[in-house]
Structure formats: structure tokens, C-alpha cells
file target_18.tsv (TSV, C-alpha atoms)
chain	number	residue	atom	x	y	z
F	144	MET	CA	-6.90	6.09	15.83
F	145	LYS	CA	-9.39	4.66	13.34
F	146	ILE	CA	-7.95	2.95	10.26
F	147	GLN	CA	-10.19	2.12	7.30
F	148	PHE	CA	-9.27	-0.35	4.59
F	149	LEU	CA	-11.25	0.79	1.58
F	150	LYS	CA	-12.57	-1.58	-1.04
F	151	ALA	CA	-9.96	-0.80	-3.69
F	152	ASN	CA	-10.39	-3.86	-5.93
F	153	LYS	CA	-6.97	-5.47	-6.28
F	154	GLY	CA	-5.27	-2.37	-4.87
F	155	ASP	CA	-4.57	-0.45	-1.68
F	156	SER	CA	-6.38	2.55	-0.23
F	157	ILE	CA	-6.10	3.09	3.51
F	158	HIS	CA	-7.51	5.97	5.56
F	159	LEU	CA	-6.22	6.94	9.01
F	160	SER	CA	-8.24	9.30	11.20
F	161	PHE	CA	-7.14	10.58	14.61
F	162	SER	CA	-7.23	13.61	16.91
F	163	ASP	CA	-4.04	15.55	17.55
F	164	ASN	CA	-3.00	17.17	20.85
F	165	ASP	CA	-5.33	20.10	20.15
F	166	LYS	CA	-8.27	17.74	19.55
F	167	ILE	CA	-8.29	18.56	15.84
F	168	VAL	CA	-9.28	15.61	13.65
F	169	ARG	CA	-6.50	14.71	11.23
F	170	ASN	CA	-6.63	12.47	8.16
F	171	ILE	CA	-3.91	10.52	6.38
F	172	LEU	CA	-4.71	8.74	3.11
F	173	ILE	CA	-2.34	6.01	1.93
F	174	ASP	CA	-2.92	5.37	-1.78
F	175	GLY	CA	-6.17	5.54	-3.73
F	176	GLY	CA	-6.62	2.07	-5.21
F	177	THR	CA	-7.69	1.67	-8.84
F	178	GLY	CA	-9.69	4.31	-10.71
F	179	SER	CA	-12.98	2.67	-9.79
F	180	THR	CA	-12.16	3.05	-6.09
F	181	TYR	CA	-13.20	6.65	-6.74
F	182	TYR	CA	-15.60	6.24	-9.69
F	183	GLU	CA	-16.41	3.38	-12.07
F	184	ASN	CA	-16.92	4.93	-15.50
F	185	LYS	CA	-18.82	2.02	-17.08
F	186	SER	CA	-21.33	1.47	-14.29
F	187	ARG	CA	-21.27	5.13	-13.25
F	188	LYS	CA	-20.97	4.10	-9.62
F	189	SER	CA	-19.02	5.96	-6.97
F	190	GLY	CA	-16.59	3.91	-4.90
F	191	ASP	CA	-15.32	3.95	-1.33
F	192	LEU	CA	-12.75	6.67	-2.04
F	193	TYR	CA	-15.41	9.02	-3.39
F	194	HIS	CA	-17.61	8.52	-0.31
F	195	LEU	CA	-14.64	8.99	2.03
F	196	ILE	CA	-13.68	12.26	0.35
F	197	GLU	CA	-17.24	13.56	0.51
F	198	THR	CA	-17.39	12.71	4.22
F	199	ILE	CA	-14.15	14.60	4.87
F	200	LYS	CA	-15.50	17.58	2.91
F	201	THR	CA	-18.82	17.74	4.75
F	202	SER	CA	-17.01	17.42	8.08
F	203	ASN	CA	-14.92	20.50	7.19
F	204	GLN	CA	-11.75	18.44	7.55
F	205	LYS	CA	-8.74	17.97	5.27
F	206	ILE	CA	-6.48	15.21	4.10
F	207	ASP	CA	-3.48	16.38	6.08
F	208	LEU	CA	-1.15	13.94	4.34
F	209	LEU	CA	-1.64	11.97	1.12
F	210	ILE	CA	0.95	9.21	0.72
F	211	LEU	CA	1.27	7.75	-2.77
F	212	THR	CA	3.49	4.72	-2.21
F	213	HIS	CA	4.38	4.13	-5.88
F	214	ILE	CA	3.11	4.58	-9.42
F	215	ASP	CA	1.28	1.29	-10.01
F	216	ASP	CA	-2.29	1.88	-11.17
F	217	ASP	CA	-3.81	-0.13	-8.32
F	218	HIS	CA	-2.31	2.34	-5.84
F	219	ILE	CA	-2.50	5.68	-7.63
F	220	GLY	CA	-5.38	5.21	-10.10
F	221	GLY	CA	-8.13	6.31	-7.72
F	222	VAL	CA	-6.32	9.54	-6.87
F	223	LEU	CA	-5.71	10.31	-10.55
F	224	ARG	CA	-9.41	9.82	-11.27
F	225	TRP	CA	-10.40	11.98	-8.31
F	226	PHE	CA	-8.13	14.80	-9.47
F	227	SER	CA	-9.42	14.39	-13.03
F	228	LYS	CA	-13.07	14.70	-12.06
F	229	ASP	CA	-13.06	17.11	-9.11
F	230	LYS	CA	-12.04	20.72	-9.80
F	231	THR	CA	-11.59	21.41	-6.09
F	232	ALA	CA	-9.66	18.26	-5.16
F	233	PHE	CA	-6.44	20.12	-4.37
F	234	LYS	CA	-8.23	22.30	-1.80
F	235	LEU	CA	-8.84	19.26	0.39
F	236	ILE	CA	-5.15	18.25	0.60
F	237	ASP	CA	-2.50	19.81	2.79
F	238	LYS	CA	0.56	17.79	1.78
F	239	VAL	CA	1.52	14.98	-0.62
F	240	TRP	CA	4.34	12.44	-0.40
F	241	PHE	CA	5.20	11.09	-3.83
F	242	ASN	CA	8.49	10.03	-5.41
F	243	SER	CA	7.96	11.22	-8.98
F	244	GLY	CA	10.20	10.49	-11.93
F	245	LYS	CA	11.21	14.13	-12.19
F	246	THR	CA	12.16	14.50	-8.52
F	247	ILE	CA	14.04	11.18	-8.51
F	248	ALA	CA	16.01	12.36	-11.56
F	249	GLU	CA	16.80	15.66	-9.86
F	250	TYR	CA	17.82	13.90	-6.63
F	251	LEU	CA	20.10	11.42	-8.42
F	252	ARG	CA	21.28	14.01	-10.97
F	253	LEU	CA	20.40	11.65	-13.79
F	254	GLU	CA	18.35	11.92	-16.95
F	255	GLU	CA	14.59	11.86	-16.57
F	256	ASN	CA	12.58	8.79	-17.64
F	257	LYS	CA	9.56	10.00	-19.62
F	258	GLU	CA	7.86	6.63	-19.05
F	259	LEU	CA	7.31	7.73	-15.44
F	260	GLU	CA	5.18	10.73	-16.40
F	261	LEU	CA	1.57	10.68	-15.22
F	262	THR	CA	-1.17	12.70	-16.88
F	263	LEU	CA	-4.63	13.78	-15.81
F	264	ASP	CA	-7.76	13.74	-17.95
F	265	ILE	CA	-8.81	16.96	-16.30
F	266	PHE	CA	-12.58	17.16	-15.86
F	267	GLU	CA	-12.93	15.35	-19.20
F	268	ASN	CA	-12.72	18.64	-21.09
F	269	THR	CA	-10.16	21.21	-22.20
F	270	TYR	CA	-9.57	23.30	-19.05
F	271	THR	CA	-6.06	24.74	-19.16
F	272	SER	CA	-5.80	27.06	-16.12
F	273	VAL	CA	-3.11	26.66	-13.46
F	274	SER	CA	-5.18	24.46	-11.18
F	275	GLN	CA	-6.00	22.16	-14.10
F	276	ALA	CA	-2.44	21.27	-15.15
F	277	LYS	CA	-2.47	18.15	-17.32
F	278	LYS	CA	0.69	16.60	-15.90
F	279	PHE	CA	0.23	15.14	-12.44
F	280	GLU	CA	3.48	16.65	-11.11
F	281	ASP	CA	2.56	20.11	-12.41
F	282	TYR	CA	-0.85	19.84	-10.79
F	283	LEU	CA	0.73	19.07	-7.40
F	284	ILE	CA	3.31	21.86	-7.66
F	285	LYS	CA	1.05	24.61	-9.00
F	286	ASN	CA	-1.56	23.91	-6.36
F	287	ASN	CA	1.10	24.07	-3.62
F	288	ILE	CA	0.40	20.67	-2.04
F	289	TRP	CA	3.75	19.01	-2.76
F	290	ASP	CA	7.24	20.16	-1.79
F	291	LYS	CA	9.04	17.59	-3.99
F	292	GLU	CA	10.71	15.98	-0.97
F	293	ILE	CA	12.23	12.58	-1.74
F	294	ILE	CA	10.80	9.96	0.63
F	295	LEU	CA	13.64	7.57	1.35
F	296	LYS	CA	14.80	4.88	3.77
F	297	GLY	CA	15.98	6.44	7.02
F	298	ASN	CA	13.70	9.49	6.89
F	299	ILE	CA	11.81	10.16	10.12
F	300	GLU	CA	8.81	12.47	9.79
F	301	GLU	CA	6.55	14.00	12.45
F	302	VAL	CA	3.02	14.82	11.25
F	303	ASN	CA	0.41	16.16	13.69
F	304	GLY	CA	1.53	13.91	16.53
F	305	VAL	CA	2.22	10.90	14.32
F	306	LYS	CA	5.77	9.64	13.83
F	307	ILE	CA	6.62	7.93	10.55
F	308	ASN	CA	9.84	5.96	10.10
F	309	ILE	CA	10.54	5.25	6.43
F	310	LEU	CA	11.87	1.72	5.77
F	311	ALA	CA	11.84	1.78	1.96
F	312	PRO	CA	12.62	2.58	-0.77
F	313	ASN	CA	16.39	2.85	-0.72
F	314	LYS	CA	18.46	4.88	-3.15
F	315	ASN	CA	19.30	1.86	-5.33
F	316	LYS	CA	15.63	1.02	-5.91
F	317	LEU	CA	14.84	4.60	-6.93
F	318	GLU	CA	17.76	4.54	-9.35
F	319	LYS	CA	16.48	1.27	-10.79
F	320	LEU	CA	13.00	2.75	-11.23
F	321	LEU	CA	14.44	5.75	-13.04
F	322	SER	CA	16.70	3.79	-15.36
F	323	GLU	CA	14.63	0.68	-16.11
F	324	PHE	CA	10.91	1.44	-15.72
F	325	LYS	CA	8.65	0.97	-18.72
F	326	LYS	CA	4.86	1.23	-18.67
F	327	THR	CA	3.13	-2.13	-18.59
F	328	LYS	CA	0.89	-3.19	-21.45
F	329	HIS	CA	-1.03	-5.93	-19.63
F	330	ASN	CA	-4.56	-5.75	-18.28
F	331	TYR	CA	-4.42	-5.20	-14.52
F	332	PHE	CA	-7.61	-7.20	-14.04
F	333	THR	CA	-6.43	-10.31	-15.85
F	334	SER	CA	-5.50	-13.16	-13.58
F	335	GLY	CA	-1.97	-13.97	-14.70
F	336	ALA	CA	-0.88	-16.57	-12.15
F	337	GLU	CA	-2.25	-19.96	-11.18
F	338	SER	CA	-4.18	-20.07	-7.92
F	339	ASP	CA	-2.68	-22.00	-5.02
F	340	TRP	CA	-5.81	-21.81	-2.85
F	341	SER	CA	-6.65	-25.52	-3.19
F	342	ILE	CA	-3.37	-26.61	-1.56
F	343	PRO	CA	-3.41	-27.24	2.22
F	344	LEU	CA	-1.32	-24.92	4.38
F	345	SER	CA	0.62	-27.87	5.79
F	346	ASP	CA	1.82	-28.85	2.29
F	347	PHE	CA	3.49	-25.46	1.83
F	348	ILE	CA	5.09	-25.66	5.26
F	349	LYS	CA	6.46	-29.13	4.58
F	350	GLU	CA	7.85	-28.05	1.21
F	351	GLU	CA	9.58	-24.98	2.63
F	352	THR	CA	11.32	-26.87	5.43
F	353	SER	CA	13.30	-28.87	2.89
F	354	LYS	CA	16.90	-27.82	2.23
F	355	GLU	CA	16.20	-27.57	-1.49
F	356	TYR	CA	13.57	-24.84	-1.12
F	357	LYS	CA	14.61	-21.33	-2.14
F	358	PHE	CA	12.59	-18.16	-1.71
F	359	ASP	CA	11.70	-16.41	-4.99
F	360	GLU	CA	11.61	-12.66	-4.33
F	361	ASP	CA	9.54	-10.12	-6.23
F	362	ASP	CA	11.60	-8.38	-8.91
F	363	SER	CA	9.01	-5.78	-9.96
F	364	ILE	CA	10.73	-2.41	-10.43
F	365	PRO	CA	7.72	-0.27	-9.33
F	366	ASN	CA	7.17	-2.47	-6.26
F	367	GLY	CA	10.80	-2.03	-5.30
F	368	SER	CA	10.24	1.74	-5.24
F	369	SER	CA	7.25	1.46	-2.89
F	370	ILE	CA	7.19	3.64	0.23
F	371	ALA	CA	7.00	1.44	3.35
F	372	PHE	CA	7.02	2.66	6.94
F	373	ILE	CA	6.40	2.22	10.65
F	374	LEU	CA	3.75	4.63	11.91
F	375	THR	CA	3.69	5.39	15.64
F	376	PHE	CA	0.76	7.06	17.41
F	377	ASN	CA	0.18	7.13	21.19
F	378	GLU	CA	3.07	4.66	21.62
F	379	LYS	CA	1.40	2.11	19.34
F	380	LYS	CA	3.17	1.06	16.15
F	381	TYR	CA	1.62	0.04	12.84
F	382	LEU	CA	3.53	-1.41	9.89
F	383	PHE	CA	2.54	-0.45	6.34
F	384	LEU	CA	4.57	-2.25	3.68
F	385	GLY	CA	2.90	-1.10	0.45
F	386	ASP	CA	4.21	-3.43	-2.28
F	387	SER	CA	7.79	-3.39	-0.98
F	388	HIS	CA	10.44	-6.09	-1.39
F	389	PRO	CA	11.13	-8.11	1.78
F	390	THR	CA	14.93	-7.88	1.65
F	391	ASP	CA	14.68	-4.08	1.72
F	392	ILE	CA	12.43	-4.14	4.79
F	393	ILE	CA	14.60	-6.72	6.54
F	394	GLU	CA	17.70	-4.62	5.89
F	395	SER	CA	16.04	-1.57	7.43
F	396	LEU	CA	14.54	-3.38	10.42
F	397	LYS	CA	17.75	-5.23	11.28
F	398	GLU	CA	19.41	-1.91	12.08
F	399	LYS	CA	17.40	-2.03	15.33
F	400	TYR	CA	15.42	-5.28	15.51
F	401	SER	CA	16.10	-9.01	15.36
F	402	LYS	CA	14.47	-12.39	15.90
F	403	GLU	CA	15.35	-12.08	19.59
F	404	ASN	CA	14.25	-8.43	19.74
F	405	PRO	CA	11.39	-8.15	17.23
F	406	LEU	CA	9.49	-5.06	16.16
F	407	ILE	CA	6.17	-5.13	18.05
F	408	VAL	CA	3.26	-3.72	16.04
F	409	GLU	CA	-0.51	-3.57	16.28
F	410	PHE	CA	-0.75	-5.01	12.80
F	411	LEU	CA	1.22	-5.72	9.64
F	412	LYS	CA	-0.30	-4.54	6.36
F	413	VAL	CA	1.11	-7.42	4.32
F	414	SER	CA	3.09	-6.37	1.26
F	415	HIS	CA	1.77	-6.60	-2.31
F	416	HIS	CA	-1.71	-7.94	-1.52
F	417	GLY	CA	-0.34	-11.11	0.07
F	418	SER	CA	2.00	-12.17	-2.73
F	419	CYS	CA	4.29	-15.03	-1.70
F	420	ARG	CA	7.19	-13.17	-3.36
F	421	ASN	CA	6.93	-10.25	-0.91
F	422	THR	CA	6.75	-11.98	2.47
F	423	ASN	CA	9.33	-14.49	3.66
F	424	LYS	CA	10.26	-16.34	6.85
F	425	GLU	CA	13.07	-13.97	7.78
F	426	LEU	CA	10.77	-10.95	7.59
F	427	LEU	CA	8.07	-12.56	9.73
F	428	GLU	CA	10.62	-13.59	12.36
F	429	ILE	CA	11.51	-9.99	13.21
F	430	ILE	CA	7.92	-8.68	13.37
F	431	LYS	CA	5.76	-9.53	16.37
F	432	THR	CA	2.02	-9.16	15.89
F	433	ASP	CA	-1.13	-11.26	15.85
F	434	ASN	CA	-2.84	-9.19	13.15
F	435	TYR	CA	-2.06	-9.43	9.43
F	436	ILE	CA	-4.01	-7.26	6.97
F	437	ILE	CA	-4.66	-8.31	3.36
F	438	CYS	CA	-5.88	-5.70	0.87
F	439	SER	CA	-7.10	-7.52	-2.26
F	440	ASP	CA	-10.31	-8.72	-3.89
F	441	GLY	CA	-8.54	-11.72	-5.41
F	442	THR	CA	-9.22	-10.73	-9.03
F	443	CYS	CA	-5.65	-10.26	-10.25
F	444	HIS	CA	-2.88	-12.87	-10.32
F	445	ASN	CA	-4.90	-14.82	-7.73
F	446	LEU	CA	-3.50	-12.66	-4.96
F	447	PRO	CA	-3.27	-13.25	-2.08
F	448	ASN	CA	-1.15	-16.40	-2.32
F	449	LYS	CA	-2.01	-19.08	0.18
F	450	ARG	CA	1.70	-19.84	0.53
F	451	THR	CA	2.03	-16.48	2.30
F	452	PHE	CA	-0.51	-17.57	4.92
F	453	ALA	CA	1.37	-20.82	5.43
F	454	ARG	CA	4.47	-18.80	6.30
F	455	ILE	CA	2.45	-16.64	8.67
F	456	VAL	CA	0.85	-19.51	10.59
F	457	ASN	CA	4.11	-21.44	10.69
F	458	GLU	CA	5.66	-18.45	12.44
F	459	ASN	CA	2.55	-17.57	14.47
F	460	PRO	CA	-0.16	-20.28	14.85
F	461	ASN	CA	-2.32	-17.75	16.77
F	462	ALA	CA	-2.44	-15.27	13.91
F	463	THR	CA	-5.57	-13.43	12.85
F	464	ILE	CA	-5.65	-12.75	9.13
F	465	HIS	CA	-7.91	-9.84	8.19
F	466	PHE	CA	-9.34	-9.42	4.68
F	467	ASN	CA	-10.98	-6.28	3.32
F	468	TYR	CA	-13.07	-8.47	0.96
F	469	LYS	CA	-15.31	-10.96	2.75
F	470	ASN	CA	-15.53	-13.45	-0.14
F	471	LEU	CA	-11.88	-14.45	0.27
F	472	LEU	CA	-12.53	-15.94	3.72
F	473	ARG	CA	-14.61	-18.78	2.30
F	474	HIS	CA	-12.57	-19.42	-0.86
F	475	ILE	CA	-8.97	-19.69	0.33
F	476	PHE	CA	-9.05	-21.97	3.37
F	477	LEU	CA	-9.96	-25.67	3.43
F	478	ASP	CA	-11.46	-27.77	6.20
F	479	ILE	CA	-8.09	-29.46	6.64
F	480	ASP	CA	-6.48	-26.04	7.23
F	481	LYS	CA	-8.90	-25.36	10.07
F	482	GLN	CA	-8.16	-28.77	11.57
F	483	ASP	CA	-4.39	-28.38	11.29
F	484	PHE	CA	-4.41	-24.82	12.66
F	485	PRO	CA	-7.33	-24.54	15.11
F	486	ASN	CA	-6.03	-21.26	16.58
F	487	LEU	CA	-5.83	-19.50	13.23
F	488	LYS	CA	-8.52	-16.81	13.02
F	489	LEU	CA	-9.94	-15.34	9.81
F	490	ASN	CA	-11.72	-12.02	9.84
F	491	PHE	CA	-13.38	-9.53	7.51
F	492	ILE	CA	-12.16	-6.01	8.25
F	493	SER	CA	-13.34	-2.63	7.06
F	494	GLU	CA	-11.75	-0.66	9.88
F	495	TYR	CA	-9.31	-1.17	12.74
F	496	VAL	CA	-9.70	0.88	15.93

call {"tool": "encode", "arguments": {"input": "target_18.tsv", "output": "C-alpha cells"}}
result
Amino acid sequence: MKIQFLKANKGDSIHLSFSDNDKIVRNILIDGGTGSTYYENKSRKSGDLYHLIETIKTSNQKIDLLILTHIDDDHIGGVLRWFSKDKTAFKLIDKVWFNSGKTIAEYLRLEENKELELTLDIFENTYTSVSQAKKFEDYLIKNNIWDKEIILKGNIEEVNGVKINILAPNKNKLEKLLSEFKKTKHNYFTSGAESDWSIPLSDFIKEETSKEYKFDEDDSIPNGSSIAFILTFNEKKYLFLGDSHPTDIIESLKEKYSKENPLIVEFLKVSHHGSCRNTNKELLEIIKTDNYIICSDGTCHNLPNKRTFARIVNENPNATIHFNYKNLLRHIFLDIDKQDFPNLKLNFISEYV
């Protein structure tokens, strides 16, 4: 299996490519990053998602499964832009996983939240035919690429020889999304949190060993609705956490795993671009891996947080932290960090094989 971590600005866009038992090449796309991951309107430049899609087209392949983890712009924006600009986009997709506001409302038998509606600027003109439905949900339904299945904790799906165990979201987080979500008004590319990159790793570790320290968990409603899962292929496991909340993942994993019997994975795609509010000590204790993937360019909220890396190396001094943006390797870590943790490895990653 080849796994590509696209340059998706501050967001996520991950492509999995593998051959099934019949030697047919299959593709899974997890999220689409921001709009510019597909096409940057101002500079008129095509992004990694555009080039990936064109490669799949010219290879006469399909996206067998498109997983949209949640509705945040840095995860779904690239897909919305692709659908808005490409009349034939739906022909390339076999199946979509997406927990929409409408389907959540139907599942919970509650009133719909109109704030959760997503629209498409179809082809930047006034097309109105079936395949150019303006509402994102209508587009998926009318083009027969979405069966409106709710993706929920406990689901186990088999897709072309790949097994996917859903860890999150749970029912409570979907209900919270439906009842409380309101569209944000802030600029996604504005850095809204102070950087912690100048602080040595050892300082964070010392602080968190004190009895007074308390973990501050992410309370973002969209993040809490994020689809997170274990993917198994050829007996190897990979952990994709989207932007999920750590307590939800811990609750799911502890049904089978523990500190004494950890989940062994090839890598952990660290939740929410390395935010310190989405990865805690208890989560890291029940996951055994040497590879931790960070998807972020560092432009928003100064993510990733260095505090997250302190937790990782405190749990696993031999960790390799992989970044899909090379510039972060030289900006986050200090000389003292390298002295204190000589076995810590830092790596730029575009694909994992």
C-alpha cells in the first residue's frame, strides 16, 4: 500500500493506493484539504489534489472510497472546489462516506440544522441539471455515489480487501453537532494561538509531571464529529484520527486495548494537525508505533503544538515524527531538544510505503 500525504495547507488530504486480490488498483481518498489543495483561485495554480485526480483519471482508475471526516473547510474545501469546477467529478467516485446534517437529523429523528448545509458554486455559472445540484448532499445523492449511511463508532467496513474499524464519532457527538453547530466567521488562515515552538521539549515534560497539571481537551463541535478509524490491509494496521477528540478514541480503543496490550500500528496520523488539545498521555500509552504523521503547514493557530511532541517523546524516545511540510522540521525543534532526545528522528514525508 502506498499512502500519500498531500500538501493541503493547514488541512488534511490523504490518498491510499493498493491492489486488491484481483490485482485491480484501488484508491481511497481521505479528505480534500482546503480549496487551494485543488485549485488556488487568486494565483490560478492547481494543487496536489488536482494533480492526483488527473493521474487517477489518466490511469483509468477510480476513487473507490472518498471519506470526508467532517465539515471543517480544511478537510472538505478541496473536494467542494473540485466538484464545483469539474463537471465530470462524480464519474470518478464509486462511494462516499460523509455524515451530513440531513442524514444525522434523520438518524437521530431530530430537527435539521440548516447551518450544516453545504453548497457548491457549480462550474461558476448557472447550470441546473441533475448532475449539477447546488446543494452538496443533493449532488451526492443524484449522482448515486452516496448511500446516506451514518458512519459511527463500532462500524466495521470491508472495502476491496481493506478492513476499516470506526472509532469515532459516537452518537453523542453527532447529536451535539446537529444541535449546537454554527458556521464560523473567522479567517481559517489567521494564526489565532501563540506559538510554543521556542520552548524546549523537556520544559513541557517537567510541567506535565506535576500533580497540578491538567489536560485541556479540544471542545470543537465539528472536530468531535470527525470520523476516525483503524485501517487494516495485509495484516498491517494504520491509525487515522482526523481531528477527533482523544477521550472518544481512548473509549473506543479500551474496549480491546490497554497500556499492557497496546494497539500496534504502522503509523499514527496525529489528530487535528498536532494540536496539544487532541493528543494526551493516556491515548499515547495504548498505541504502539514509532511513526507519527503531522499534516499541517503551520500557518493556522501555530499548529502543530510542540507540547504534543513532548508527550510523544516522553512516551516513546525513539519516535520518528513525519511532517508533510519540510519547513516545519527546521522551525520547531531547538538544539537543546536534539541533545535531550538524541534518538528522536524528524522526517519530511510525502508518501509512506

call {"tool": "atom_distance", "arguments": {"input": "target_18.tsv", "atom1": "CA of Tyr495 (chain F)", "atom2": "CA of Ile479 (chain F)"}}
result
29.0 Å

call {"tool": "closest_residue", "arguments": {"input": "target_18.tsv", "among": "F:Arg454, F:His465, F:His218, F:His474", "to": "Ile348 (chain F)", "atoms": "all atoms listed in the file"}}
result
F:Arg454

call {"tool": "residues_around", "arguments": {"input": "target_18.tsv", "residues": "Lys379 (chain F)", "least_positions_apart": "2", "cutoff": "9 Å", "atoms": "all atoms listed in the file", "output": "PDB file with C-alpha atoms, in the coordinates of the input"}}
result
ATOM      1  CA  LEU F 374       3.750   4.630  11.910  1.00  0.00           C
ATOM      2  CA  THR F 375       3.690   5.390  15.640  1.00  0.00           C
ATOM      3  CA  PHE F 376       0.760   7.060  17.410  1.00  0.00           C
ATOM      4  CA  ASN F 377       0.180   7.130  21.190  1.00  0.00           C
ATOM      5  CA  TYR F 381       1.620   0.040  12.840  1.00  0.00           C
ATOM      6  CA  ILE F 407       6.170  -5.130  18.050  1.00  0.00           C
ATOM      7  CA  VAL F 408       3.260  -3.720  16.040  1.00  0.00           C
ATOM      8  CA  GLU F 409      -0.510  -3.570  16.280  1.00  0.00           C
TER       9      GLU F 409
END

call {"tool": "residues_around", "arguments": {"input": "target_18.tsv", "residues": "Leu487 (chain F)", "least_positions_apart": "5", "cutoff": "9 Å", "atoms": "all atoms listed in the file", "output": "number ranges by chain"}}
result
F: 456, 459-464, 480-481

call {"tool": "write_last_selection", "arguments": {"input": "target_18.tsv", "atoms": "C-alpha atoms", "output": "tab-separated table (two decimals), keeping the file's coordinate frame"}}
result
chain	number	residue	atom	x	y	z
F	456	VAL	CA	0.85	-19.51	10.59
F	459	ASN	CA	2.55	-17.57	14.47
F	460	PRO	CA	-0.16	-20.28	14.85
F	461	ASN	CA	-2.32	-17.75	16.77
F	462	ALA	CA	-2.44	-15.27	13.91
F	463	THR	CA	-5.57	-13.43	12.85
F	464	ILE	CA	-5.65	-12.75	9.13
F	480	ASP	CA	-6.48	-26.04	7.23
F	481	LYS	CA	-8.90	-25.36	10.07

call {"tool": "atom_distance", "arguments": {"input": "target_18.tsv", "atom1": "CA of Ile206 (chain F)", "atom2": "CA of Ile173 (chain F)"}}
result
10.3 Å

call {"tool": "closest_residue", "arguments": {"input": "target_18.tsv", "among": "F:Asn421, F:Ser439, F:Ser227, F:Ser243", "to": "Lys291 (chain F)", "atoms": "all atoms listed in the file"}}
result
F:Ser243

call {"tool": "residues_around", "arguments": {"input": "target_18.tsv", "residues": "Ile492 (chain F)", "least_positions_apart": "3", "cutoff": "9 Å", "atoms": "all atoms listed in the file", "output": "ChimeraX atom specification"}}
result
/F:147-148,436,465-469,495

call {"tool": "residues_around", "arguments": {"input": "target_18.tsv", "residues": "Val302 (chain F)", "least_positions_apart": "5", "cutoff": "10 Å", "atoms": "all atoms listed in the file", "output": "list in words"}}
result
Asp163, Arg169, Ile171, Asp207, Leu208 and Ile307 of chain F

call {"tool": "atom_distance", "arguments": {"input": "target_18.tsv", "atom1": "CA of Lys278 (chain F)", "atom2": "CA of Trp240 (chain F)"}}
result
16.5 Å

call {"tool": "closest_residue", "arguments": {"input": "target_18.tsv", "among": "F:Ile429, F:Ile392, F:Leu384, F:Cys419", "to": "Pro405 (chain F)", "atoms": "only C-alpha atoms"}}
result
F:Ile429

call {"tool": "residues_around", "arguments": {"input": "target_18.tsv", "residues": "region 415-417 of chain F", "least_positions_apart": "6", "cutoff": "7 Å", "atoms": "all atoms listed in the file", "output": "PyMOL selection string"}}
result
chain F and resi 385-387+437-439+446-448+451

call {"tool": "decode", "arguments": {"input": "target_18.tsv", "residues": "region 149-165 of chain F", "atoms": "N, CA and C atoms", "output": "PDB file, in the first residue's frame"}}
result
ATOM      1  N   LEU F 149      -0.909  14.656   0.965  1.00  0.00           N
ATOM      2  CA  LEU F 149      -0.880  15.785   0.055  1.00  0.00           C
ATOM      3  C   LEU F 149      -0.597  17.080   0.803  1.00  0.00           C
ATOM      4  N   LYS F 150      -0.011  18.026   0.088  1.00  0.00           N
ATOM      5  CA  LYS F 150       0.152  19.369   0.634  1.00  0.00           C
ATOM      6  C   LYS F 150      -1.235  20.028   0.609  1.00  0.00           C
ATOM      7  N   ALA F 151      -1.821  20.121   1.797  1.00  0.00           N
ATOM      8  CA  ALA F 151      -3.201  20.585   1.930  1.00  0.00           C
ATOM      9  C   ALA F 151      -3.272  21.820   2.813  1.00  0.00           C
ATOM     10  N   ASN F 152      -2.175  22.619   2.801  1.00  0.00           N
ATOM     11  CA  ASN F 152      -2.095  23.811   3.645  1.00  0.00           C
ATOM     12  C   ASN F 152      -2.246  23.406   5.113  1.00  0.00           C
ATOM     13  N   LYS F 153      -3.185  23.997   5.811  1.00  0.00           N
ATOM     14  CA  LYS F 153      -3.328  23.642   7.229  1.00  0.00           C
ATOM     15  C   LYS F 153      -4.201  22.409   7.425  1.00  0.00           C
ATOM     16  N   GLY F 154      -4.671  21.804   6.309  1.00  0.00           N
ATOM     17  CA  GLY F 154      -5.643  20.731   6.394  1.00  0.00           C
ATOM     18  C   GLY F 154      -5.091  19.348   6.137  1.00  0.00           C
ATOM     19  N   ASP F 155      -6.045  18.411   5.962  1.00  0.00           N
ATOM     20  CA  ASP F 155      -5.734  17.015   5.682  1.00  0.00           C
ATOM     21  C   ASP F 155      -6.218  16.642   4.293  1.00  0.00           C
ATOM     22  N   SER F 156      -5.414  15.892   3.568  1.00  0.00           N
ATOM     23  CA  SER F 156      -5.829  15.208   2.351  1.00  0.00           C
ATOM     24  C   SER F 156      -4.857  14.049   2.157  1.00  0.00           C
ATOM     25  N   ILE F 157      -5.379  12.847   2.262  1.00  0.00           N
ATOM     26  CA  ILE F 157      -4.536  11.642   2.290  1.00  0.00           C
ATOM     27  C   ILE F 157      -5.054  10.658   1.252  1.00  0.00           C
ATOM     28  N   HIS F 158      -4.144  10.153   0.428  1.00  0.00           N
ATOM     29  CA  HIS F 158      -4.502   9.228  -0.650  1.00  0.00           C
ATOM     30  C   HIS F 158      -3.871   7.859  -0.401  1.00  0.00           C
ATOM     31  N   LEU F 159      -4.693   6.819  -0.428  1.00  0.00           N
ATOM     32  CA  LEU F 159      -4.232   5.449  -0.275  1.00  0.00           C
ATOM     33  C   LEU F 159      -4.434   4.714  -1.589  1.00  0.00           C
ATOM     34  N   SER F 160      -3.382   4.041  -2.052  1.00  0.00           N
ATOM     35  CA  SER F 160      -3.435   3.289  -3.296  1.00  0.00           C
ATOM     36  C   SER F 160      -2.916   1.876  -3.040  1.00  0.00           C
ATOM     37  N   PHE F 161      -3.660   0.867  -3.513  1.00  0.00           N
ATOM     38  CA  PHE F 161      -3.268  -0.522  -3.274  1.00  0.00           C
ATOM     39  C   PHE F 161      -3.931  -1.421  -4.309  1.00  0.00           C
ATOM     40  N   SER F 162      -3.418  -2.641  -4.442  1.00  0.00           N
ATOM     41  CA  SER F 162      -4.010  -3.624  -5.348  1.00  0.00           C
ATOM     42  C   SER F 162      -4.820  -4.627  -4.552  1.00  0.00           C
ATOM     43  N   ASP F 163      -6.023  -4.921  -5.023  1.00  0.00           N
ATOM     44  CA  ASP F 163      -6.869  -5.890  -4.324  1.00  0.00           C
ATOM     45  C   ASP F 163      -6.477  -7.312  -4.729  1.00  0.00           C
ATOM     46  N   ASN F 164      -7.255  -8.297  -4.308  1.00  0.00           N
ATOM     47  CA  ASN F 164      -6.928  -9.698  -4.578  1.00  0.00           C
ATOM     48  C   ASN F 164      -6.938 -10.031  -6.062  1.00  0.00           C
ATOM     49  N   ASP F 165      -7.652  -9.230  -6.848  1.00  0.00           N
ATOM     50  CA  ASP F 165      -7.695  -9.440  -8.299  1.00  0.00           C
ATOM     51  C   ASP F 165      -6.689  -8.569  -9.045  1.00  0.00           C
TER      52      ASP F 165
END
